[in-house]
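A.B. asks: Pasting in a structure now, in structure tokens, and then I'll have a few things to ask.
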Amino acid sequence: MTESASVGSGKGKGKEPGDRGRTSIADGVVEKIAGLAAREVVGVHAMGSGSGLSRTFGAVRDRVPGGGKAGVSRGVKAEVGETQTALDLEIVVDYGVSIRDVARAVRENVISAVERMTGLEVVEVNIAVSDVKLPEEPDEEPESRLQ
């Protein structure tokens with residue numbers, strides 16, 4: 001569950017100061033990076049479950065303090081090892097786009113962002129397209145009752 005640089009014995013002799021020690025990256029950090037990178041791709045309407053009701057409840061839950069997983073990582077699951085990570089994403093695409101092209105663009109953007117920001121090697125990005133957003137469907141974002 002962590003990414004780490006090897007720490008040598010001998011009190012760091014022969015190692016650069018930036019290489020002495022260990023850096024841990026939580027699964028949630030990788031999930032947030034991947035979620036934001038996936039949302040940047042044209043044709044991705046939403047992340048997470050395709051059911052309109054599920055998206056509505058998720059949107060409400062995200063607005064309530066302490067209501068659950070942050071919205072940016074919804075629809076993303078990461079397994080983080082010491083030097084590698086694997087990701088599973090669930091997306092909703094806009095009607096009319098090429099799902100194959102959107103999936104390819106999401107993979108490329110997610111891999112680029114995660115590898116650049118964490119230094120971890122992304123070994124796979126699995127994408128599940130759970131729904132298609134039709135043009136006539138209203139957005140599922142309800143008005144917040146909270147002030």
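Just remember, in the structure tokens the first chain shown is A, the second B, etc., residues are 1-based per chain, and ligands are 1-based in the order shown.
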Excluding region 35-45 of chain A and any residue of its chain fewer than 3 positions from it, enumerate the residues within 9 Å of it, using only C-alpha atoms, and give them as number ranges by chain.
C.D. replies: A: 30-32, 71-76, 89, 91-99, 102-103, 105-107, 109-114, 132-133
A.B. asks: Using DSSP on the backbone coordinates, identify the residues of region 13-138 of chain A assigned to strand (DSSP E); present them as an MDAnalysis selection string.
C.D. replies: chainID A and resid 44:47 76:80 84:94 121:133
A.B. asks: Might you pull out every residue within 6 Å of region 122-131 of chain A, with only C-alpha atoms counted and same-chain residues fewer than 2 positions away left off, and present them as a tab-separated table (two decimals) with N, CA, C and O atoms, in the first residue's frame?
C.D. replies:
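Result file follows (part.tsv):
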chain	number	residue	atom	x	y	z
A	50	GLY	N	-23.68	4.15	-13.09
A	50	GLY	CA	-24.46	4.72	-14.17
A	50	GLY	C	-25.90	5.01	-13.81
A	50	GLY	O	-26.58	5.74	-14.50
A	84	GLN	N	4.44	0.10	-7.96
A	84	GLN	CA	3.45	0.01	-9.03
A	84	GLN	C	2.05	0.24	-8.48
A	84	GLN	O	1.81	0.09	-7.28
A	85	THR	N	1.14	0.56	-9.40
A	85	THR	CA	-0.26	0.69	-9.04
A	85	THR	C	-1.13	0.18	-10.18
A	85	THR	O	-0.71	0.20	-11.34
A	86	ALA	N	-2.31	-0.29	-9.82
A	86	ALA	CA	-3.31	-0.73	-10.80
A	86	ALA	C	-4.60	-0.02	-10.45
A	86	ALA	O	-4.92	0.19	-9.28
A	87	LEU	N	-5.35	0.38	-11.48
A	87	LEU	CA	-6.55	1.18	-11.28
A	87	LEU	C	-7.76	0.58	-11.98
A	87	LEU	O	-7.65	0.04	-13.08
A	88	ASP	N	-8.91	0.69	-11.33
A	88	ASP	CA	-10.20	0.34	-11.92
A	88	ASP	C	-11.05	1.61	-11.89
A	88	ASP	O	-11.21	2.23	-10.84
A	89	LEU	N	-11.59	1.98	-13.06
A	89	LEU	CA	-12.42	3.17	-13.18
A	89	LEU	C	-13.79	2.79	-13.71
A	89	LEU	O	-13.90	1.93	-14.59
A	90	GLU	N	-14.81	3.44	-13.20
A	90	GLU	CA	-16.17	3.28	-13.71
A	90	GLU	C	-16.61	4.65	-14.20
A	90	GLU	O	-16.60	5.62	-13.45
A	91	ILE	N	-16.98	4.72	-15.49
A	91	ILE	CA	-17.32	6.01	-16.08
A	91	ILE	C	-18.69	5.98	-16.77
A	91	ILE	O	-19.19	4.92	-17.13
A	92	VAL	N	-19.25	7.18	-16.92
A	92	VAL	CA	-20.45	7.39	-17.72
A	92	VAL	C	-20.01	8.28	-18.87
A	92	VAL	O	-19.37	9.32	-18.65
A.B. asks: Could you give me, as number ranges by chain, each residue of region 10-129 of chain A that DSSP assigns to helix (DSSP H, G or I) when run on this structure's backbone?
C.D. replies: A: 17-19, 27-39, 52-63, 71-73, 99-118
A.B. asks: Give me, please, the distance in Å between CA of Ile33 (chain A) and CA of Gly21 (chain A), quoted to one decimal.
C.D. replies: 23.6 Å
A.B. asks: For each of A:Asp101, A:Glu16, A:Glu121, A:Asp27, take the minimum atom-to-atom distance to Thr83 (chain A), counting only C-alpha atoms, then give the residue where this is smallest.
C.D. replies: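 With only C-alpha atoms as the atom set, the closest residue is A:Glu121.
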